[in-house]
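Source file model-v1.cif; content: mmCIF, C-alpha atoms.
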data_data
#
loop_
_atom_site.group_PDB
_atom_site.id
_atom_site.type_symbol
_atom_site.label_atom_id
_atom_site.label_comp_id
_atom_site.auth_asym_id
_atom_site.auth_seq_id
_atom_site.Cartn_x
_atom_site.Cartn_y
_atom_site.Cartn_z
ATOM 1 C CA MET A 1 146.292 125.227 113.236
ATOM 2 C CA ILE A 2 145.836 121.825 114.872
ATOM 3 C CA THR A 3 144.313 123.602 117.874
ATOM 4 C CA VAL A 4 141.603 125.078 115.629
ATOM 5 C CA TYR A 5 140.820 121.642 114.203
ATOM 6 C CA LEU A 6 140.557 120.137 117.682
ATOM 7 C CA GLU A 7 138.307 123.017 118.795
ATOM 8 C CA LEU A 8 136.085 122.532 115.730
ATOM 9 C CA LEU A 9 135.904 118.804 116.444
ATOM 10 C CA ALA A 10 135.110 119.256 120.150
ATOM 11 C CA GLY A 11 132.683 122.138 119.652
ATOM 12 C CA PHE A 12 130.644 120.567 116.881
ATOM 13 C CA LEU A 13 130.665 117.122 118.481
ATOM 14 C CA ARG A 14 129.031 118.817 121.473
ATOM 15 C CA VAL A 15 126.449 120.432 119.178
ATOM 16 C CA GLY A 16 125.819 117.116 117.450
ATOM 17 C CA CYS A 17 125.451 115.248 120.736
ATOM 18 C CA PHE A 18 123.022 117.641 122.420
ATOM 19 C CA SER A 19 120.910 119.138 119.632
ATOM 20 C CA PHE A 20 117.524 117.541 120.123
ATOM 21 C CA GLY A 21 114.627 118.847 118.076
ATOM 22 C CA GLY A 22 116.425 119.444 114.823
ATOM 23 C CA ALA A 23 118.351 122.358 113.456
ATOM 24 C CA TYR A 24 116.386 125.132 115.122
ATOM 25 C CA GLY A 25 116.932 123.522 118.475
ATOM 26 C CA ALA A 26 120.662 123.417 117.683
ATOM 27 C CA ILE A 27 120.988 127.144 117.036
ATOM 28 C CA PRO A 28 121.416 128.037 120.737
ATOM 29 C CA LEU A 29 124.071 125.329 121.079
ATOM 30 C CA ILE A 30 125.873 126.506 117.947
ATOM 31 C CA ARG A 31 125.694 130.067 119.247
ATOM 32 C CA ASP A 32 127.253 129.007 122.572
ATOM 33 C CA VAL A 33 130.059 127.110 120.838
ATOM 34 C CA VAL A 34 130.764 129.869 118.321
ATOM 35 C CA ARG A 35 130.761 132.560 121.026
ATOM 36 C CA SER A 36 132.832 130.513 123.518
ATOM 37 C CA TYR A 37 135.627 130.106 120.965
ATOM 38 C CA GLY A 38 135.205 133.688 119.684
ATOM 39 C CA TRP A 39 134.715 132.552 116.101
ATOM 40 C CA MET A 40 132.074 135.151 115.185
ATOM 41 C CA SER A 41 129.782 137.810 116.604
ATOM 42 C CA ASP A 42 126.065 137.399 117.306
ATOM 43 C CA ALA A 43 125.286 139.616 114.299
ATOM 44 C CA MET A 44 127.384 137.456 111.964
ATOM 45 C CA LEU A 45 125.830 134.290 113.375
ATOM 46 C CA THR A 46 122.350 135.731 112.765
ATOM 47 C CA TYR A 47 123.272 136.413 109.146
ATOM 48 C CA MET A 48 124.664 132.910 108.788
ATOM 49 C CA VAL A 49 121.487 131.386 110.218
ATOM 50 C CA ALA A 50 119.523 133.295 107.555
ATOM 51 C CA VAL A 51 121.887 132.156 104.793
ATOM 52 C CA SER A 52 121.873 128.569 106.079
ATOM 53 C CA GLU A 53 118.066 128.602 106.172
ATOM 54 C CA SER A 54 117.794 129.772 102.580
ATOM 55 C CA THR A 55 120.387 127.395 101.107
ATOM 56 C CA PRO A 56 119.743 123.714 100.421
ATOM 57 C CA GLY A 57 120.581 121.308 103.195
ATOM 58 C CA PRO A 58 120.128 121.133 106.946
ATOM 59 C CA ILE A 59 120.793 124.389 108.796
ATOM 60 C CA MET A 60 122.994 122.736 111.403
ATOM 61 C CA VAL A 61 125.218 121.152 108.738
ATOM 62 C CA ASN A 62 125.365 124.372 106.704
ATOM 63 C CA LEU A 63 126.366 126.394 109.779
ATOM 64 C CA ALA A 64 128.989 123.849 110.821
ATOM 65 C CA THR A 65 130.427 123.783 107.313
ATOM 66 C CA TYR A 66 130.558 127.572 107.121
ATOM 67 C CA VAL A 67 132.134 128.043 110.546
ATOM 68 C CA GLY A 68 134.601 125.229 109.885
ATOM 69 C CA SER A 69 135.651 126.663 106.518
ATOM 70 C CA GLN A 70 135.962 130.149 107.997
ATOM 71 C CA GLN A 71 138.182 128.920 110.843
ATOM 72 C CA GLY A 72 140.163 126.097 109.197
ATOM 73 C CA GLY A 73 139.636 126.115 105.443
ATOM 74 C CA LEU A 74 138.483 122.995 103.624
ATOM 75 C CA LEU A 75 139.783 120.614 106.289
ATOM 76 C CA GLY A 76 138.051 122.691 108.985
ATOM 77 C CA ALA A 77 134.774 122.461 107.052
ATOM 78 C CA VAL A 78 135.112 118.684 106.745
ATOM 79 C CA ILE A 79 135.950 118.289 110.449
ATOM 80 C CA ALA A 80 133.097 120.526 111.676
ATOM 81 C CA THR A 81 130.552 118.943 109.331
ATOM 82 C CA THR A 82 131.595 115.402 110.234
ATOM 83 C CA ALA A 83 131.606 116.243 113.945
ATOM 84 C CA VAL A 84 128.085 117.691 113.877
ATOM 85 C CA VAL A 85 126.644 114.748 111.900
ATOM 86 C CA LEU A 86 128.469 111.810 113.498
ATOM 87 C CA PRO A 87 126.555 111.684 116.814
ATOM 88 C CA SER A 88 123.206 111.727 115.007
ATOM 89 C CA PHE A 89 124.324 108.937 112.723
ATOM 90 C CA PHE A 90 125.170 106.680 115.654
ATOM 91 C CA VAL A 91 122.121 107.670 117.688
ATOM 92 C CA ILE A 92 119.784 106.958 114.779
ATOM 93 C CA LEU A 93 121.497 103.646 114.145
ATOM 94 C CA LEU A 94 121.100 102.608 117.794
ATOM 95 C CA LEU A 95 117.551 103.977 118.091
ATOM 96 C CA THR A 96 116.427 102.112 115.002
ATOM 97 C CA ILE A 97 117.582 98.891 116.603
ATOM 98 C CA ALA A 98 116.143 99.740 120.044
ATOM 99 C CA LEU A 99 112.807 101.195 118.931
ATOM 100 C CA LYS A 100 111.823 98.027 117.145
ATOM 101 C CA SER A 101 111.460 96.421 120.548
ATOM 102 C CA LEU A 102 110.245 99.537 122.456
ATOM 103 C CA ASP A 103 107.735 100.894 119.944
ATOM 104 C CA GLY A 104 104.672 100.322 122.132
ATOM 105 C CA ASN A 105 106.281 101.194 125.467
ATOM 106 C CA ARG A 106 104.282 103.929 127.186
ATOM 107 C CA TYR A 107 107.362 105.416 128.901
ATOM 108 C CA VAL A 108 109.139 105.833 125.582
ATOM 109 C CA GLN A 109 106.009 107.455 124.135
ATOM 110 C CA ALA A 110 105.766 109.778 127.162
ATOM 111 C CA LEU A 111 109.425 110.760 126.756
ATOM 112 C CA MET A 112 108.948 111.556 123.077
ATOM 113 C CA ASN A 113 105.780 113.546 123.797
ATOM 114 C CA GLY A 114 107.613 115.529 126.489
ATOM 115 C CA ILE A 115 110.524 116.449 124.230
ATOM 116 C CA LYS A 116 108.287 118.033 121.550
ATOM 117 C CA PRO A 117 106.935 121.025 123.552
ATOM 118 C CA GLY A 118 110.334 121.565 125.149
ATOM 119 C CA MET A 119 111.957 121.899 121.749
ATOM 120 C CA ALA A 120 109.169 124.209 120.566
ATOM 121 C CA GLY A 121 109.993 126.464 123.518
ATOM 122 C CA VAL A 122 113.729 126.423 122.728
ATOM 123 C CA ILE A 123 113.030 127.307 119.086
ATOM 124 C CA LEU A 124 110.617 130.102 120.042
ATOM 125 C CA ALA A 125 113.064 131.529 122.602
ATOM 126 C CA THR A 126 115.886 131.460 120.043
ATOM 127 C CA GLY A 127 113.775 133.263 117.453
ATOM 128 C CA ALA A 128 112.714 135.881 120.000
ATOM 129 C CA TYR A 129 116.319 136.359 121.118
ATOM 130 C CA MET A 130 117.515 136.812 117.537
ATOM 131 C CA ALA A 131 114.755 139.315 116.711
ATOM 132 C CA VAL A 132 115.302 141.351 119.875
ATOM 133 C CA SER A 133 119.107 141.278 119.659
ATOM 134 C CA ASP A 134 118.897 142.598 116.086
ATOM 135 C CA CYS A 135 116.693 145.445 117.325
ATOM 136 C CA LEU A 136 119.108 146.514 120.059
ATOM 137 C CA PRO A 137 122.589 146.836 118.573
ATOM 138 C CA ALA A 138 125.384 147.538 121.036
ATOM 139 C CA GLY A 139 125.916 151.286 121.336
ATOM 140 C CA GLY A 140 123.610 152.074 118.442
ATOM 141 C CA GLU A 141 120.097 153.269 117.883
ATOM 142 C CA ALA A 142 117.226 150.801 118.279
ATOM 143 C CA ASP A 143 116.049 149.273 114.988
ATOM 144 C CA PRO A 144 112.405 148.109 114.888
ATOM 145 C CA ARG A 145 112.685 146.446 111.468
ATOM 146 C CA PRO A 146 113.471 142.911 112.733
ATOM 147 C CA LEU A 147 110.373 142.988 114.955
ATOM 148 C CA ILE A 148 108.260 144.313 112.073
ATOM 149 C CA LEU A 149 109.465 141.462 109.850
ATOM 150 C CA THR A 150 108.876 138.928 112.612
ATOM 151 C CA GLY A 151 105.309 140.222 113.052
ATOM 152 C CA ILE A 152 104.592 140.110 109.308
ATOM 153 C CA LEU A 153 105.919 136.551 108.984
ATOM 154 C CA ALA A 154 104.075 135.368 112.106
ATOM 155 C CA ALA A 155 100.848 136.804 110.665
ATOM 156 C CA ALA A 156 101.592 135.125 107.329
ATOM 157 C CA MET A 157 101.837 131.799 109.125
ATOM 158 C CA VAL A 158 98.815 132.214 111.426
ATOM 159 C CA ILE A 159 96.226 133.944 109.212
ATOM 160 C CA PRO A 160 96.018 131.271 106.456
ATOM 161 C CA ARG A 161 95.743 128.570 109.104
ATOM 162 C CA LEU A 162 92.905 130.362 110.914
ATOM 163 C CA ALA A 163 91.113 131.507 107.765
ATOM 164 C CA ALA A 164 91.350 128.415 105.585
ATOM 165 C CA GLY A 165 92.780 125.727 107.843
ATOM 166 C CA ARG A 166 95.899 125.526 105.658
ATOM 167 C CA LYS A 167 99.532 126.384 106.265
ATOM 168 C CA LEU A 168 101.625 128.612 104.069
ATOM 169 C CA PRO A 169 104.092 126.365 102.203
ATOM 170 C CA PRO A 170 107.717 126.763 103.367
ATOM 171 C CA VAL A 171 108.885 127.924 99.923
ATOM 172 C CA ALA A 172 106.222 130.644 99.916
ATOM 173 C CA LEU A 173 107.238 131.699 103.432
ATOM 174 C CA ILE A 174 110.913 131.937 102.405
ATOM 175 C CA ALA A 175 109.993 133.965 99.310
ATOM 176 C CA LEU A 176 107.734 136.217 101.391
ATOM 177 C CA SER A 177 110.483 136.804 103.966
ATOM 178 C CA ALA A 178 112.969 137.700 101.212
ATOM 179 C CA LEU A 179 110.478 140.109 99.652
ATOM 180 C CA CYS A 180 109.524 141.663 102.989
ATOM 181 C CA GLY A 181 113.176 141.962 103.993
ATOM 182 C CA ALA A 182 114.018 143.722 100.737
ATOM 183 C CA VAL A 183 111.083 146.122 101.158
ATOM 184 C CA VAL A 184 111.510 146.825 104.887
ATOM 185 C CA TYR A 185 115.296 147.284 104.723
ATOM 186 C CA SER A 186 115.136 149.479 101.621
ATOM 187 C CA ILE A 187 112.897 152.002 103.418
#
Can the structure in the file be given as structure tokens, please?
Amino acid sequence: MITVYLELLAGFLRVGCFSFGGAYGAIPLIRDVVRSYGWMSDAMLTYMVAVSESTPGPIMVNLATYVGSQQGGLLGAVIATTAVVLPSFFVILLLTIALKSLDGNRYVQALMNGIKPGMAGVILATGAYMAVSDCLPAGGEADPRPLILTGILAAAMVIPRLAAGRKLPPVALIALSALCGAVVYSI
């Protein structure tokens, strides 16, 4: 059992250290860690991402807590959650101190501006991968429903912005995705 705890610590420390761009940017890292240790399948991870998105709290912390509890019980959940949060805690502490003196530095601003589109690409690629992998189950028949839902939700985000210059609130988008999922998967 100690081996599992050490694997949870090492795996989620790695996620915590290299997950720039927030929780969505961490999903590919979490996927790599979960798959490398054989803790769950891609399908199960996709379900857990959906559950973690719809429950209160950061996705990365929710996923770490779930995987940790599944692999090592309560202590596993505590270890995985602590491991995923600890690097960010120290980085934010150090950055707060450093950025006070580097706030106007053009190189720091250029670095921050370069990270933003890179993380948008990682998030978009992860979403596309999850939608496509759900459509093409191993050895089964292709299922277009994930792509249909993705298209509906993308339209729900883009159309209000183009038509009225306003975004759909996140709570409305979550409710819409739950409703659409219930309708599309009941057909």
If you measure from CA of Ile159 in chain A to CA of Pro146 in chain A, what distance in Å do you get, rounded to one decimal? 19.8 Å
When the PyMOL selection byres ((chain A and resi 77-86) around 8) is applied to the structure above, which residues does it catch, written out as a PyMOL selection string? chain A and resi 5+8-10+12-17+60-62+64-70+72-76+87-90
Residues near Leu29 in chain A, anyone? I mean within 9 Å using all atoms listed in the file, not counting same-chain ones fewer than 2 positions away, as a ChimeraX atom specification. /A:14-15,18-19,25-27,31-34
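Remark: for Gly127 in chain A, the closest of the candidate residues A:Leu149, A:Val91, A:Val158, A:Ile187 is A:Leu149 (distances computed over only C-alpha atoms).
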Restricting the calculation to all atoms listed in the file: of A:Thr150, A:Leu94, A:Tyr24, A:Glu7, which residue gets closest to Ser36 in chain A?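 Under the stated criterion, the closest residue is A:Glu7.
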Once the PyMOL selection byres ((chain A and resi 170) around 12) is applied to the coordinates I shared, what remains selected? I want it as a ChimeraX atom specification. /A:53-54,153,156-157,167-169,171-177
Apply the PyMOL selection byres ((chain A and resi 39-45) around 9) to the structure shown and report the selected residues as a tab-separated table (two decimals) with C-alpha atoms, keeping the file's coordinate frame.
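For reference, expr-v2.tsv as written:
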chain	number	residue	atom	x	y	z
A	31	ARG	CA	125.69	130.07	119.25
A	33	VAL	CA	130.06	127.11	120.84
A	34	VAL	CA	130.76	129.87	118.32
A	35	ARG	CA	130.76	132.56	121.03
A	36	SER	CA	132.83	130.51	123.52
A	37	TYR	CA	135.63	130.11	120.96
A	38	GLY	CA	135.21	133.69	119.68
A	46	THR	CA	122.35	135.73	112.76
A	47	TYR	CA	123.27	136.41	109.15
A	48	MET	CA	124.66	132.91	108.79
A	49	VAL	CA	121.49	131.39	110.22
A	50	ALA	CA	119.52	133.29	107.56
A	63	LEU	CA	126.37	126.39	109.78
A	67	VAL	CA	132.13	128.04	110.55
A	70	GLN	CA	135.96	130.15	108.00
A	71	GLN	CA	138.18	128.92	110.84
A	130	MET	CA	117.52	136.81	117.54
A	133	SER	CA	119.11	141.28	119.66
A	134	ASP	CA	118.90	142.60	116.09
A	137	PRO	CA	122.59	146.84	118.57
With all atoms listed in the file as the counted atoms, please give the residues lying no more than 8 Å from range 108-120 of chain A, apart from itself and same-chain residues fewer than 5 positions off, as a PyMOL selection string. chain A and resi 20-21+25+102-103
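Take the candidates A:Val4, A:Ala142, A:Ile59, A:Val132 and check each one against Ile30 in chain A using all atoms listed in the file; the shortest distance goes to A:Ile59.
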Between CA of Leu179 in chain A and CA of Glu141 in chain A, what is the distance in Å, rounded to a tenth? 24.5 Å
Can you work out the spacing between CA of Leu162 in chain A and CA of Leu124 in chain A in Å, to one decimal?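 Going from CA of Leu162 in chain A over to CA of Leu124 in chain A, I get 19.9 Å.
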Might you pull out every residue within 12 Å of Ile148 in chain A, with all atoms listed in the file counted and same-chain residues fewer than 6 positions away left off, and present them as number ranges by chain? A: 131-132, 134-135, 154-155, 177, 180-181, 183-185
Could you check the closest approach to Val51 in chain A for each of A:Ala128, A:Arg145, A:Ala178, A:Leu95 and tell me which residue wins, using all atoms listed in the file?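 So, comparing all the options, the nearest one is A:Ala178.
Among A:Ile152, A:Pro28, A:Ile2, A:Gly11, the residue with the shortest atom-to-atom distance to Tyr129 in chain A, counting only C-alpha atoms, is A:Pro28.
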Range 17-31 of chain A from the block above: all heavy atoms written as a tab-separated table (two decimals), in the first residue's frame:
chain	number	residue	atom	x	y	z
A	17	CYS	N	3.25	20.51	-10.41
A	17	CYS	CA	4.41	21.30	-10.83
A	17	CYS	C	4.31	21.81	-12.26
A	17	CYS	O	4.84	22.86	-12.58
A	17	CYS	CB	5.69	20.47	-10.69
A	17	CYS	SG	6.23	20.26	-9.00
A	18	PHE	N	3.65	21.06	-13.14
A	18	PHE	CA	3.69	21.40	-14.56
A	18	PHE	C	2.34	21.75	-15.16
A	18	PHE	O	2.20	21.77	-16.38
A	18	PHE	CB	4.34	20.25	-15.34
A	18	PHE	CG	5.74	19.99	-14.92
A	18	PHE	CD1	6.06	18.89	-14.14
A	18	PHE	CD2	6.75	20.88	-15.26
A	18	PHE	CE1	7.37	18.67	-13.73
A	18	PHE	CE2	8.05	20.67	-14.85
A	18	PHE	CZ	8.36	19.56	-14.08
A	19	SER	N	1.36	22.05	-14.36
A	19	SER	CA	0.03	22.36	-14.90
A	19	SER	C	-0.18	23.87	-14.96
A	19	SER	O	-0.79	24.46	-14.10
A	19	SER	CB	-1.06	21.71	-14.07
A	19	SER	OG	-0.97	22.14	-12.73
A	20	PHE	N	0.35	24.47	-16.01
A	20	PHE	CA	0.16	25.89	-16.24
A	20	PHE	C	-1.16	26.09	-16.96
A	20	PHE	O	-1.56	25.28	-17.78
A	20	PHE	CB	1.30	26.47	-17.08
A	20	PHE	CG	2.62	26.42	-16.37
A	20	PHE	CD1	3.53	25.43	-16.67
A	20	PHE	CD2	2.93	27.35	-15.40
A	20	PHE	CE1	4.75	25.37	-16.01
A	20	PHE	CE2	4.14	27.30	-14.74
A	20	PHE	CZ	5.05	26.30	-15.05
A	21	GLY	N	-1.84	27.18	-16.66
A	21	GLY	CA	-3.07	27.49	-17.37
A	21	GLY	C	-4.32	27.00	-16.66
A	21	GLY	O	-5.39	27.02	-17.23
A	22	GLY	N	-4.19	26.54	-15.44
A	22	GLY	CA	-5.36	26.13	-14.71
A	22	GLY	C	-5.72	24.67	-14.92
A	22	GLY	O	-4.97	23.89	-15.50
A	23	ALA	N	-6.91	24.35	-14.45
A	23	ALA	CA	-7.35	22.96	-14.41
A	23	ALA	C	-7.46	22.33	-15.79
A	23	ALA	O	-7.09	21.18	-15.98
A	23	ALA	CB	-8.68	22.87	-13.69
A	24	TYR	N	-7.97	23.07	-16.76
A	24	TYR	CA	-8.13	22.47	-18.08
A	24	TYR	C	-6.78	22.16	-18.72
A	24	TYR	O	-6.65	21.19	-19.45
A	24	TYR	CB	-8.96	23.38	-18.98
A	24	TYR	CG	-10.37	23.50	-18.49
A	24	TYR	CD1	-10.82	24.68	-17.93
A	24	TYR	CD2	-11.24	22.42	-18.56
A	24	TYR	CE1	-12.11	24.78	-17.46
A	24	TYR	CE2	-12.51	22.52	-18.08
A	24	TYR	CZ	-12.96	23.70	-17.54
A	24	TYR	OH	-14.23	23.80	-17.06
A	25	GLY	N	-5.82	22.97	-18.43
A	25	GLY	CA	-4.47	22.69	-18.91
A	25	GLY	C	-3.84	21.51	-18.19
A	25	GLY	O	-2.92	20.89	-18.70
A	26	ALA	N	-4.37	21.16	-17.02
A	26	ALA	CA	-3.83	20.03	-16.25
A	26	ALA	C	-4.42	18.70	-16.69
A	26	ALA	O	-3.85	17.66	-16.40
A	26	ALA	CB	-4.12	20.24	-14.76
A	27	ILE	N	-5.54	18.72	-17.38
A	27	ILE	CA	-6.20	17.47	-17.75
A	27	ILE	C	-5.28	16.55	-18.55
A	27	ILE	O	-5.21	15.35	-18.25
A	27	ILE	CB	-7.54	17.73	-18.46
A	27	ILE	CG1	-8.53	18.33	-17.46
A	27	ILE	CG2	-8.10	16.45	-19.06
A	27	ILE	CD1	-9.83	18.81	-18.07
A	28	PRO	N	-4.52	17.05	-19.55
A	28	PRO	CA	-3.62	16.13	-20.24
A	28	PRO	C	-2.54	15.54	-19.32
A	28	PRO	O	-2.18	14.37	-19.46
A	28	PRO	CB	-2.96	17.00	-21.33
A	28	PRO	CG	-3.82	18.18	-21.47
A	28	PRO	CD	-4.52	18.37	-20.17
A	29	LEU	N	-2.06	16.33	-18.38
A	29	LEU	CA	-1.06	15.82	-17.43
A	29	LEU	C	-1.68	14.77	-16.52
A	29	LEU	O	-1.06	13.73	-16.25
A	29	LEU	CB	-0.50	16.96	-16.59
A	29	LEU	CG	0.35	17.98	-17.31
A	29	LEU	CD1	0.66	19.15	-16.41
A	29	LEU	CD2	1.64	17.33	-17.78
A	30	ILE	N	-2.88	15.04	-16.03
A	30	ILE	CA	-3.57	14.07	-15.17
A	30	ILE	C	-3.81	12.79	-15.95
A	30	ILE	O	-3.62	11.68	-15.44
A	30	ILE	CB	-4.87	14.66	-14.61
A	30	ILE	CG1	-4.56	15.80	-13.62
A	30	ILE	CG2	-5.71	13.58	-13.92
A	30	ILE	CD1	-5.76	16.58	-13.16
A	31	ARG	N	-4.23	12.94	-17.20
A	31	ARG	CA	-4.47	11.76	-18.04
A	31	ARG	C	-3.20	10.94	-18.17
A	31	ARG	O	-3.22	9.71	-18.04
A	31	ARG	CB	-4.97	12.19	-19.42
A	31	ARG	CG	-5.22	11.02	-20.34
A	31	ARG	CD	-5.59	11.49	-21.76
A	31	ARG	NE	-5.72	10.35	-22.62
A	31	ARG	CZ	-4.71	9.73	-23.22
A	31	ARG	NH1	-3.48	10.15	-23.05
A	31	ARG	NH2	-4.92	8.68	-23.97
